[in-house]
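A.B. asks: File name target_39.txt; file contents compact mmCIF, C-alpha atoms; full text below.
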```txt
# COMPACT_ATOMS: atom_id res chain seq x y z
CA MET A 1 85.38 141.88 112.22
CA LYS A 2 87.85 144.55 111.12
CA PHE A 3 91.38 143.34 110.56
CA ARG A 4 92.82 146.06 112.81
CA THR A 5 91.14 144.42 115.83
CA LEU A 6 93.09 141.17 115.36
CA PRO A 7 96.35 142.40 117.01
CA LEU A 8 94.35 143.49 120.07
CA ILE A 9 92.64 140.11 120.34
CA ALA A 10 95.97 138.35 119.93
CA ALA A 11 97.50 140.48 122.68
CA LEU A 12 94.63 139.70 125.05
CA LEU A 13 94.95 135.98 124.36
CA LEU A 14 98.70 136.14 124.96
CA ALA A 15 98.24 137.97 128.24
CA THR A 16 95.65 135.43 129.38
CA SER A 17 97.93 132.54 128.49
CA LEU A 18 100.83 134.11 130.41
CA GLN A 19 98.69 134.47 133.52
CA ALA A 20 97.39 130.89 133.37
CA LYS A 21 99.24 128.14 135.18
CA PRO A 22 101.08 125.82 132.83
CA LEU A 23 99.30 122.54 132.23
CA ARG A 24 101.18 119.35 132.84
CA ALA A 25 101.13 117.05 129.86
CA ARG A 26 99.81 113.61 130.66
CA PRO A 27 102.58 111.07 130.37
CA VAL A 28 102.01 108.61 127.56
CA PRO A 29 102.50 105.09 128.85
CA PRO A 30 104.99 103.04 126.86
CA PRO A 31 103.51 100.39 124.56
CA GLU A 32 103.10 96.99 126.15
CA PRO A 33 103.36 93.55 124.52
CA LEU A 34 100.15 92.10 123.15
CA GLY A 35 100.72 89.01 125.26
CA PRO A 36 99.42 85.48 124.75
CA ARG A 37 95.79 86.36 124.05
CA PRO A 38 93.65 83.50 122.69
CA ALA A 39 93.07 84.93 119.19
CA LEU A 40 96.79 85.54 118.76
CA LEU A 41 97.74 82.03 119.86
CA ALA A 42 95.14 80.46 117.58
CA PHE A 43 96.43 82.52 114.65
CA ALA A 44 100.02 81.49 115.40
CA ASP A 45 99.11 77.80 115.59
CA GLU A 46 97.13 77.87 112.36
CA LEU A 47 99.84 79.72 110.44
CA ALA A 48 102.63 77.54 111.83
CA THR A 49 100.76 74.39 110.82
CA ALA A 50 100.06 75.68 107.31
CA GLN A 51 103.67 76.78 106.77
CA GLN A 52 105.34 74.01 108.78
CA TRP A 53 106.93 76.52 111.14
CA ASP A 54 107.76 76.20 114.82
CA ALA A 55 104.47 77.05 116.56
CA VAL A 56 106.07 77.68 119.96
CA ALA A 57 108.53 80.19 118.48
CA LEU A 58 105.82 81.94 116.49
CA ARG A 59 103.57 82.18 119.55
CA ALA A 60 106.40 83.80 121.50
CA GLN A 61 107.30 86.21 118.70
CA LEU A 62 103.74 87.45 118.24
CA SER A 63 103.05 87.65 121.98
CA GLN A 64 106.07 89.94 122.33
CA ALA A 65 104.88 92.31 119.57
CA LEU A 66 104.01 95.70 120.99
CA ASP A 67 100.45 97.03 121.11
CA LEU A 68 100.88 100.52 119.62
CA PRO A 69 98.30 103.16 120.71
CA LYS A 70 99.50 105.55 117.97
CA VAL A 71 98.71 103.00 115.27
CA LYS A 72 95.17 102.56 116.58
CA GLN A 73 94.71 106.32 116.59
CA LEU A 74 95.98 106.76 113.03
CA ILE A 75 93.85 103.96 111.56
CA LEU A 76 90.59 105.64 112.57
CA PRO A 77 88.81 107.65 109.85
CA ALA A 78 88.55 111.42 110.04
CA SER A 79 85.90 112.70 112.42
CA VAL A 80 82.41 113.16 111.03
CA GLY A 81 81.91 116.65 109.65
CA THR A 82 85.50 117.17 108.54
CA ALA A 83 85.19 118.92 105.18
CA LYS A 84 87.28 117.48 102.34
CA ASN A 85 89.29 119.94 100.30
CA TRP A 86 90.81 118.83 97.01
CA THR A 87 92.77 122.06 96.56
CA ALA A 88 94.43 121.72 99.96
CA TYR A 89 95.09 118.01 99.40
CA ARG A 90 96.63 118.73 96.00
CA ASP A 91 98.89 121.43 97.40
CA ARG A 92 100.47 118.94 99.80
CA PHE A 93 101.95 117.08 96.84
CA ILE A 94 102.30 119.48 93.94
CA GLU A 95 104.80 121.75 95.65
CA PRO A 96 108.36 122.87 94.76
CA ARG A 97 110.40 120.45 96.88
CA ARG A 98 108.51 117.39 95.70
CA LEU A 99 108.67 118.55 92.09
CA GLU A 100 112.43 118.98 92.35
CA ALA A 101 112.81 115.56 93.94
CA GLY A 102 110.59 114.03 91.26
CA ALA A 103 112.60 115.55 88.43
CA ALA A 104 115.81 114.25 90.00
CA PHE A 105 114.29 110.80 90.46
CA TRP A 106 113.15 110.71 86.84
CA ALA A 107 116.57 111.83 85.58
CA GLU A 108 118.38 109.21 87.66
CA HIS A 109 116.04 106.34 86.70
CA GLU A 110 115.06 107.39 83.20
CA ALA A 111 116.11 104.06 81.65
CA ALA A 112 114.17 101.98 84.19
CA LEU A 113 111.06 104.15 83.79
CA ALA A 114 111.24 103.85 80.00
CA ARG A 115 111.67 100.09 80.27
CA ALA A 116 108.70 99.78 82.63
CA GLU A 117 106.53 101.86 80.30
CA SER A 118 107.56 99.71 77.34
CA ARG A 119 106.98 96.41 79.15
CA TYR A 120 103.77 97.18 81.04
CA GLY A 121 102.24 100.08 79.11
CA VAL A 122 102.07 102.35 82.16
CA PRO A 123 103.39 105.89 81.48
CA ALA A 124 106.50 106.94 83.38
CA GLU A 125 104.65 109.97 84.75
CA ILE A 126 102.10 107.75 86.52
CA ILE A 127 104.86 105.67 88.13
CA VAL A 128 106.67 108.86 89.17
CA GLY A 129 103.44 110.30 90.54
CA ILE A 130 102.71 107.25 92.70
CA ILE A 131 106.19 106.99 94.20
CA GLY A 132 106.19 110.74 94.81
CA VAL A 133 102.86 110.75 96.62
CA GLU A 134 103.60 107.57 98.56
CA THR A 135 107.10 108.24 99.89
CA PHE A 136 108.44 111.55 98.53
CA TYR A 137 110.78 109.49 96.31
CA GLY A 138 112.02 107.27 99.09
CA ARG A 139 112.45 109.98 101.71
CA ILE A 140 109.45 108.99 103.87
CA THR A 141 108.93 105.23 104.01
CA GLY A 142 107.62 104.91 107.58
CA GLY A 143 109.18 104.56 111.00
CA PHE A 144 106.92 101.95 112.60
CA LYS A 145 108.10 98.41 113.20
CA VAL A 146 105.85 96.54 110.81
CA LEU A 147 105.48 93.49 113.03
CA ASP A 148 104.19 95.66 115.89
CA ALA A 149 101.90 97.70 113.64
CA LEU A 150 100.31 94.73 111.91
CA ALA A 151 99.98 92.72 115.13
CA THR A 152 98.29 95.69 116.80
CA LEU A 153 95.76 96.00 113.99
CA ALA A 154 95.31 92.23 113.73
CA PHE A 155 94.55 91.60 117.41
CA ASP A 156 93.60 94.95 118.98
CA PHE A 157 91.89 96.83 116.17
CA PRO A 158 89.85 99.79 117.52
CA SER A 159 86.24 98.67 117.92
CA GLU A 160 84.92 102.19 117.20
CA HIS A 161 85.96 101.92 113.56
CA PRO A 162 82.83 101.55 111.37
CA ARG A 163 84.27 98.44 109.64
CA ALA A 164 86.28 97.06 112.54
CA ALA A 165 85.66 93.33 111.92
CA GLU A 166 86.41 93.58 108.19
CA ARG A 167 89.57 95.63 108.68
CA GLN A 168 90.86 93.43 111.49
CA ALA A 169 90.48 90.36 109.27
CA PHE A 170 92.41 92.17 106.52
CA PHE A 171 95.29 92.99 108.84
CA ARG A 172 95.46 89.43 110.16
CA SER A 173 95.86 88.31 106.56
CA GLU A 174 98.56 90.93 105.97
CA LEU A 175 100.38 89.88 109.13
CA ALA A 176 100.55 86.33 107.77
CA GLU A 177 101.76 87.67 104.41
CA PHE A 178 104.42 89.76 106.16
CA LEU A 179 105.78 86.79 108.09
CA LYS A 180 105.93 84.73 104.88
CA LEU A 181 107.61 87.61 103.06
CA CYS A 182 110.29 87.90 105.72
CA ARG A 183 111.03 84.17 105.56
CA GLU A 184 111.20 84.22 101.77
CA ASN A 185 113.55 87.21 101.64
CA GLY A 186 115.72 86.61 104.68
CA LEU A 187 114.37 89.64 106.56
CA ASP A 188 114.20 89.92 110.34
CA PRO A 189 110.51 90.63 111.02
CA THR A 190 111.36 92.44 114.25
CA GLU A 191 113.49 95.01 112.41
CA VAL A 192 111.55 95.84 109.22
CA ARG A 193 110.00 99.32 109.33
CA GLY A 194 107.14 100.80 107.35
CA SER A 195 103.94 102.78 107.68
CA TYR A 196 101.50 102.59 110.58
CA ALA A 197 99.37 100.26 108.41
CA GLY A 198 102.27 97.98 107.50
CA ALA A 199 103.06 99.32 104.01
CA LEU A 200 106.64 98.80 102.90
CA GLY A 201 109.41 100.48 100.95
CA TRP A 202 109.60 103.00 98.13
CA PRO A 203 106.16 102.14 96.69
CA GLN A 204 104.46 101.39 100.04
CA PHE A 205 103.21 97.94 99.04
CA MET A 206 101.32 95.97 101.64
CA PRO A 207 103.02 92.60 102.27
CA GLY A 208 100.39 90.73 100.26
CA SER A 209 100.83 93.05 97.30
CA TRP A 210 104.62 92.65 97.52
CA ARG A 211 104.31 88.85 97.36
CA GLN A 212 101.77 88.96 94.53
CA HIS A 213 102.80 91.90 92.33
CA ALA A 214 106.40 92.91 93.05
CA VAL A 215 109.07 92.10 90.45
CA ASP A 216 112.85 91.90 90.31
CA PHE A 217 113.30 94.78 87.87
CA ASP A 218 116.98 95.47 88.46
CA GLY A 219 117.93 91.88 87.65
CA ASP A 220 119.92 91.13 90.81
CA GLY A 221 118.01 87.93 91.55
CA ARG A 222 115.90 89.27 94.44
CA ILE A 223 112.95 91.58 94.92
CA ASP A 224 113.78 94.49 97.21
CA LEU A 225 111.23 97.28 97.48
CA ILE A 226 112.99 98.73 100.52
CA SER A 227 116.40 99.45 98.98
CA SER A 228 115.90 99.21 95.21
CA PRO A 229 114.05 102.09 93.52
CA VAL A 230 114.34 100.19 90.23
CA ASP A 231 112.45 97.22 91.68
CA ALA A 232 109.89 99.73 92.94
CA ILE A 233 109.48 101.24 89.46
CA GLY A 234 108.88 97.89 87.83
CA SER A 235 106.62 96.70 90.61
CA VAL A 236 104.36 99.76 90.47
CA ALA A 237 103.97 99.37 86.71
CA HIS A 238 103.31 95.64 87.02
CA TYR A 239 100.73 96.25 89.75
CA LEU A 240 98.79 98.73 87.62
CA ALA A 241 98.99 96.49 84.57
CA GLU A 242 97.65 93.57 86.59
CA TYR A 243 94.65 95.69 87.59
CA GLY A 244 93.83 96.48 83.97
CA TRP A 245 95.75 99.57 82.90
CA GLN A 246 94.88 100.41 79.27
CA PRO A 247 97.93 101.72 77.36
CA GLY A 248 97.21 104.94 75.50
CA GLU A 249 93.94 105.68 77.29
CA ALA A 250 93.42 108.98 79.11
CA THR A 251 92.87 108.96 82.86
CA HIS A 252 90.11 111.56 83.00
CA TYR A 253 88.22 114.30 81.18
CA SER A 254 86.38 117.46 82.10
CA VAL A 255 82.59 117.61 82.37
CA LYS A 256 79.80 119.93 83.42
CA LEU A 257 77.14 118.32 85.60
CA PRO A 258 73.44 118.52 84.70
CA THR A 259 71.37 121.16 86.46
CA ASP A 260 68.68 118.64 87.42
CA LEU A 261 69.54 117.46 90.94
CA ARG A 262 68.09 113.96 90.50
CA SER A 263 70.09 113.37 87.33
CA ARG A 264 73.17 114.73 89.04
CA ALA A 265 72.73 112.44 92.03
CA ARG A 266 72.23 109.40 89.78
CA LEU A 267 75.46 110.13 87.90
CA LEU A 268 77.45 110.64 91.09
CA ALA A 269 76.12 107.51 92.82
CA PRO A 270 78.66 104.98 91.42
CA ASP A 271 81.50 107.22 92.63
CA ILE A 272 84.86 106.08 91.16
CA LYS A 273 83.51 103.04 89.28
CA PRO A 274 83.25 103.75 85.50
CA SER A 275 79.54 103.28 84.75
CA PHE A 276 78.33 105.63 82.00
CA SER A 277 78.98 105.93 78.28
CA ALA A 278 79.35 109.34 76.67
CA ALA A 279 75.88 108.93 75.15
CA GLU A 280 74.36 108.16 78.58
CA LEU A 281 76.03 111.22 80.07
CA LEU A 282 74.62 113.44 77.33
CA ALA A 283 71.17 111.92 77.74
CA ALA A 284 71.29 112.69 81.47
CA GLY A 285 72.01 116.36 80.76
CA ALA A 286 75.75 116.34 81.48
CA GLN A 287 78.15 118.15 79.16
CA PRO A 288 81.32 116.08 78.70
CA SER A 289 84.27 117.59 76.90
CA GLU A 290 84.73 116.90 73.18
CA ALA A 291 87.53 114.42 73.98
CA ALA A 292 85.24 112.61 76.44
CA ARG A 293 82.52 112.30 73.80
CA ASP A 294 84.97 110.34 71.66
CA HIS A 295 85.91 108.00 74.52
CA ALA A 296 84.74 104.46 73.78
CA GLY A 297 84.59 103.01 77.30
CA PRO A 298 82.53 103.75 80.41
CA MET A 299 83.38 106.69 82.66
CA ALA A 300 82.75 107.63 86.27
CA VAL A 301 81.42 111.03 87.30
CA ILE A 302 83.70 112.03 90.17
CA GLN A 303 83.14 115.01 92.43
CA LEU A 304 85.92 116.29 94.70
CA GLN A 305 84.97 118.77 97.40
CA ASN A 306 86.90 122.02 97.87
CA GLY A 307 85.78 122.83 101.37
CA PRO A 308 82.50 124.39 102.44
CA HIS A 309 82.80 127.67 100.51
CA LYS A 310 84.07 126.74 97.04
CA PRO A 311 82.43 124.75 94.26
CA PRO A 312 83.61 121.15 93.85
CA THR A 313 85.95 119.90 91.14
CA VAL A 314 84.25 117.40 88.81
CA VAL A 315 85.98 115.02 86.39
CA LEU A 316 85.10 111.99 84.31
CA GLY A 317 87.30 109.09 85.37
CA THR A 318 88.13 106.37 82.85
CA GLN A 319 89.19 102.78 83.43
CA ASN A 320 92.75 104.03 83.97
CA PHE A 321 91.62 106.47 86.66
CA TRP A 322 89.89 103.57 88.38
CA VAL A 323 93.07 101.49 88.12
CA VAL A 324 95.04 104.18 89.97
CA THR A 325 92.45 104.01 92.76
CA ARG A 326 93.27 100.31 93.19
CA TYR A 327 96.51 101.55 94.74
CA ASN A 328 94.55 103.72 97.16
CA TRP A 329 90.76 103.76 96.97
CA SER A 330 90.43 107.53 96.82
CA ALA A 331 89.68 109.86 93.93
CA TYR A 332 91.66 112.58 95.72
CA TYR A 333 94.68 110.29 95.83
CA ALA A 334 94.36 109.27 92.17
CA LEU A 335 94.06 112.81 90.88
CA ALA A 336 97.01 113.92 93.04
CA VAL A 337 99.13 111.11 91.56
CA ILE A 338 98.14 112.07 88.03
CA GLU A 339 98.75 115.79 88.52
CA LEU A 340 102.06 115.29 90.34
CA GLY A 341 103.32 113.07 87.53
CA ARG A 342 102.30 115.64 84.93
CA ALA A 343 103.89 118.48 86.87
CA VAL A 344 107.18 116.59 87.25
CA LYS A 345 107.14 115.75 83.55
CA ALA A 346 106.65 119.45 82.74
CA LYS A 347 109.77 120.30 84.80
CA ARG A 348 111.96 117.99 82.78
CA PRO A 349 114.10 119.48 80.02
CA PRO A 350 112.59 119.06 76.56
CA ALA A 351 113.67 115.97 74.72
CA THR A 352 116.36 116.73 72.21
CA THR A 353 116.17 115.32 68.71
CA PRO A 354 119.48 113.81 67.64
CA PRO A 355 121.01 115.65 64.69
CA ALA A 356 120.27 114.17 61.31
CA VAL A 357 123.07 112.15 59.79
CA LEU A 358 123.93 113.72 56.48
CA ALA A 359 124.85 111.55 53.55
CA PRO A 360 128.36 112.18 52.28
CA ALA A 361 128.57 114.68 49.45
CA PRO A 362 129.04 113.05 46.08
CA SER A 363 132.56 113.27 44.82
CA ALA A 364 133.25 115.62 41.97
CA PRO A 365 133.37 113.93 38.58
CA GLY A 366 136.90 113.23 37.42
```
As a first step, turn the structure in this file into structure tokens.

C.D. replies:
Amino acid sequence: MKFRTLPLIAALLLATSLQAKPLRARPVPPPEPLGPRPALLAFADELATAQQWDAVALRAQLSQALDLPKVKQLILPASVGTAKNWTAYRDRFIEPRRLEAGAAFWAEHEAALARAESRYGVPAEIIVGIIGVETFYGRITGGFKVLDALATLAFDFPSEHPRAAERQAFFRSELAEFLKLCRENGLDPTEVRGSYAGALGWPQFMPGSWRQHAVDFDGDGRIDLISSPVDAIGSVAHYLAEYGWQPGEATHYSVKLPTDLRSRARLLAPDIKPSFSAAELLAAGAQPSEAARDHAGPMAVIQLQNGPHKPPTVVLGTQNFWVVTRYNWSAYYALAVIELGRAVKAKRPPATTPPAVLAPAPSAPG
């Protein structure tokens, strides 16, 4: 198709649309309460007994939680056949506004980031990358009422999801963790807002992760991931350290895949799990970078698609790359975090070396 024909096609489409009768949008019914369904009541009774809470009050609270159609829509995986595109995914995060916000965040919280790196061994750039990808440095923390979102996924999870039973069990557990969290921290569970999946605050911790991994890093005597970016900084670093972050280790290296398709498929099979030594990669016909050949631990051969018409991006992920995927089990996510952190670090002014203190000149002999 010649480009000069595009304006004509556009004009014809516009004319057709102007002649067509406007379509009436279907009204979206308002969400309705989940109601006293048997599974919900049994959950409420069991949790109330375990925690010594008022079962009648908990039954009523959960029955009044809203069943959110939007949440059920968002939790479903992308349709089959949707091509992944690492370049497009990366560009959503490594872009000017987020880089500016990241540099400002780093400048404002430089002391807390340095303290987290010193205490937990996690580089400041990784912490900055995670908070930037998760919430745009606190700008986008989610507008769903967490009680409604978690109750929806706990008791009305979409059956068409390929792992519906497993995911519904997970969200029932997170609903219990959320209710405990609110009691422990004096939060009103009907007012707390977060993501459609129930993630909370600056670092988007799930309630269970908050209760297990979050820390009071600003020293005010309470853990607050919703209002305290310093608590978020310490909690992200602690989370990664708990999952096995190795201080001083690289996150990934470059590699060229073997030409033999069977060898290539065998190397790609473990996905993000580090499984091969440098010697095993060489023996399989891969060509790891010189730095990768000196790496002592196992590595994962990770392939990220760039749409249907461009070759994929391939990296060797180390233990630290795998640790970043414990935050979100996606190689695309992990590499975006790493590259955003590096890009923000590159925007920062160069560190200045303090001037040397000169010794006083010796006095002239008398």

A.B. asks: Between A:Ala331, A:Leu76, A:Ala346, A:His252, which has the minimum distance to A:Thr318 (counting all atoms listed in the file)?

C.D. replies: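 Ranking A:Ala331, A:Leu76, A:Ala346, A:His252 by distance to A:Thr318, first place goes to A:His252.
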
A.B. asks: Using only C-alpha atoms, determine which residues lie at most 8 Å from A:Asp231, disregarding the query and same-chain residues fewer than 3 positions distant; provide the list as a PyMOL selection string.

C.D. replies: chain A and resi 214-218+223-225+228+234-235

A.B. asks: List the neighbours of A:Gln246 out to 12 Å using only C-alpha atoms; skip same-chain residues closer than 6 positions along the sequence, and give me the result as an MDAnalysis selection string.

C.D. replies: chainID A and resid 117 120:123 237 240 297 318:324

A.B. asks: What lies within 9 Å of stretch 60-73 of chain A using all atoms listed in the file, ignoring chain neighbours under 3 positions off, as a ChimeraX atom specification?

C.D. replies: /A:30-37,40-41,44,55-57,76,144,147-149,151-153,155-158,190,196-197

A.B. asks: Those residues you just picked out, can you put them in a file as a compact mmCIF listing (two decimals), in the frame of the given file with C-alpha atoms?

C.D. replies:
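Dumped to out29.txt:
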```txt
# COMPACT_ATOMS: atom_id res chain seq x y z
CA PRO A 30 104.99 103.04 126.86
CA PRO A 31 103.51 100.39 124.56
CA GLU A 32 103.10 96.99 126.15
CA PRO A 33 103.36 93.55 124.52
CA LEU A 34 100.15 92.10 123.15
CA GLY A 35 100.72 89.01 125.26
CA PRO A 36 99.42 85.48 124.75
CA ARG A 37 95.79 86.36 124.05
CA LEU A 40 96.79 85.54 118.76
CA LEU A 41 97.74 82.03 119.86
CA ALA A 44 100.02 81.49 115.40
CA ALA A 55 104.47 77.05 116.56
CA VAL A 56 106.07 77.68 119.96
CA ALA A 57 108.53 80.19 118.48
CA LEU A 76 90.59 105.64 112.57
CA PHE A 144 106.92 101.95 112.60
CA LEU A 147 105.48 93.49 113.03
CA ASP A 148 104.19 95.66 115.89
CA ALA A 149 101.90 97.70 113.64
CA ALA A 151 99.98 92.72 115.13
CA THR A 152 98.29 95.69 116.80
CA LEU A 153 95.76 96.00 113.99
CA PHE A 155 94.55 91.60 117.41
CA ASP A 156 93.60 94.95 118.98
CA PHE A 157 91.89 96.83 116.17
CA PRO A 158 89.85 99.79 117.52
CA THR A 190 111.36 92.44 114.25
CA TYR A 196 101.50 102.59 110.58
CA ALA A 197 99.37 100.26 108.41
```

A.B. asks: Distance atom CA of A:Leu340-atom CA of A:Asp294, one decimal place?

C.D. replies: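 Between atom CA of A:Leu340 and atom CA of A:Asp294 the gap is 25.8 Å.
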
A.B. asks: Could you jot down the atom CA of A:Ser263 to atom CA of A:Glu249 separation for me, Å, one decimal place?

C.D. replies: 27.0 Å

A.B. asks: Using only C-alpha atoms, what does the table of stretch 215-246 of chain A residues within 8 Å of stretch 127-141 of chain A look like, with each row giving the shortest atom pair and its distance in Å to one decimal, sorted by chain and ascending number, as a tab-separated table?

C.D. replies:
```
residue	atom	partner	partner_atom	distance
A:Pro229	CA	A:Gly138	CA	7.9
A:Ile233	CA	A:Ile127	CA	6.5
A:Val236	CA	A:Ile127	CA	6.4
A:Ala237	CA	A:Ile127	CA	6.5
```

A.B. asks: How would the residues just picked look written out with C-alpha atoms as a PDB file, in the frame of the given file?

C.D. replies:
```
ATOM      1  CA  PRO A 229     114.050 102.090  93.520  1.00  0.00           C
ATOM      2  CA  ILE A 233     109.480 101.240  89.460  1.00  0.00           C
ATOM      3  CA  VAL A 236     104.360  99.760  90.470  1.00  0.00           C
ATOM      4  CA  ALA A 237     103.970  99.370  86.710  1.00  0.00           C
TER       5      ALA A 237
END
```

A.B. asks: Name all residues at most 6 Å from stretch 275-285 of chain A (count all atoms listed in the file; drop same-chain ones fewer than 3 positions away) and give them as a ChimeraX atom specification.

C.D. replies: /A:258,293,298-300

A.B. asks: Restricting the calculation to all atoms listed in the file, which member of A:Trp53, A:Tyr239, A:Tyr327, A:Trp245 is positioned closest to A:Ala199?

C.D. replies: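 Closest to A:Ala199, using all atoms listed in the file: A:Tyr327.
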
A.B. asks: State, in Å with one decimal place, the distance from atom CA of A:Thr251 to atom CA of A:Val315.

C.D. replies: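 Atom-to-atom, atom CA of A:Thr251 to atom CA of A:Val315, that is 9.8 Å.
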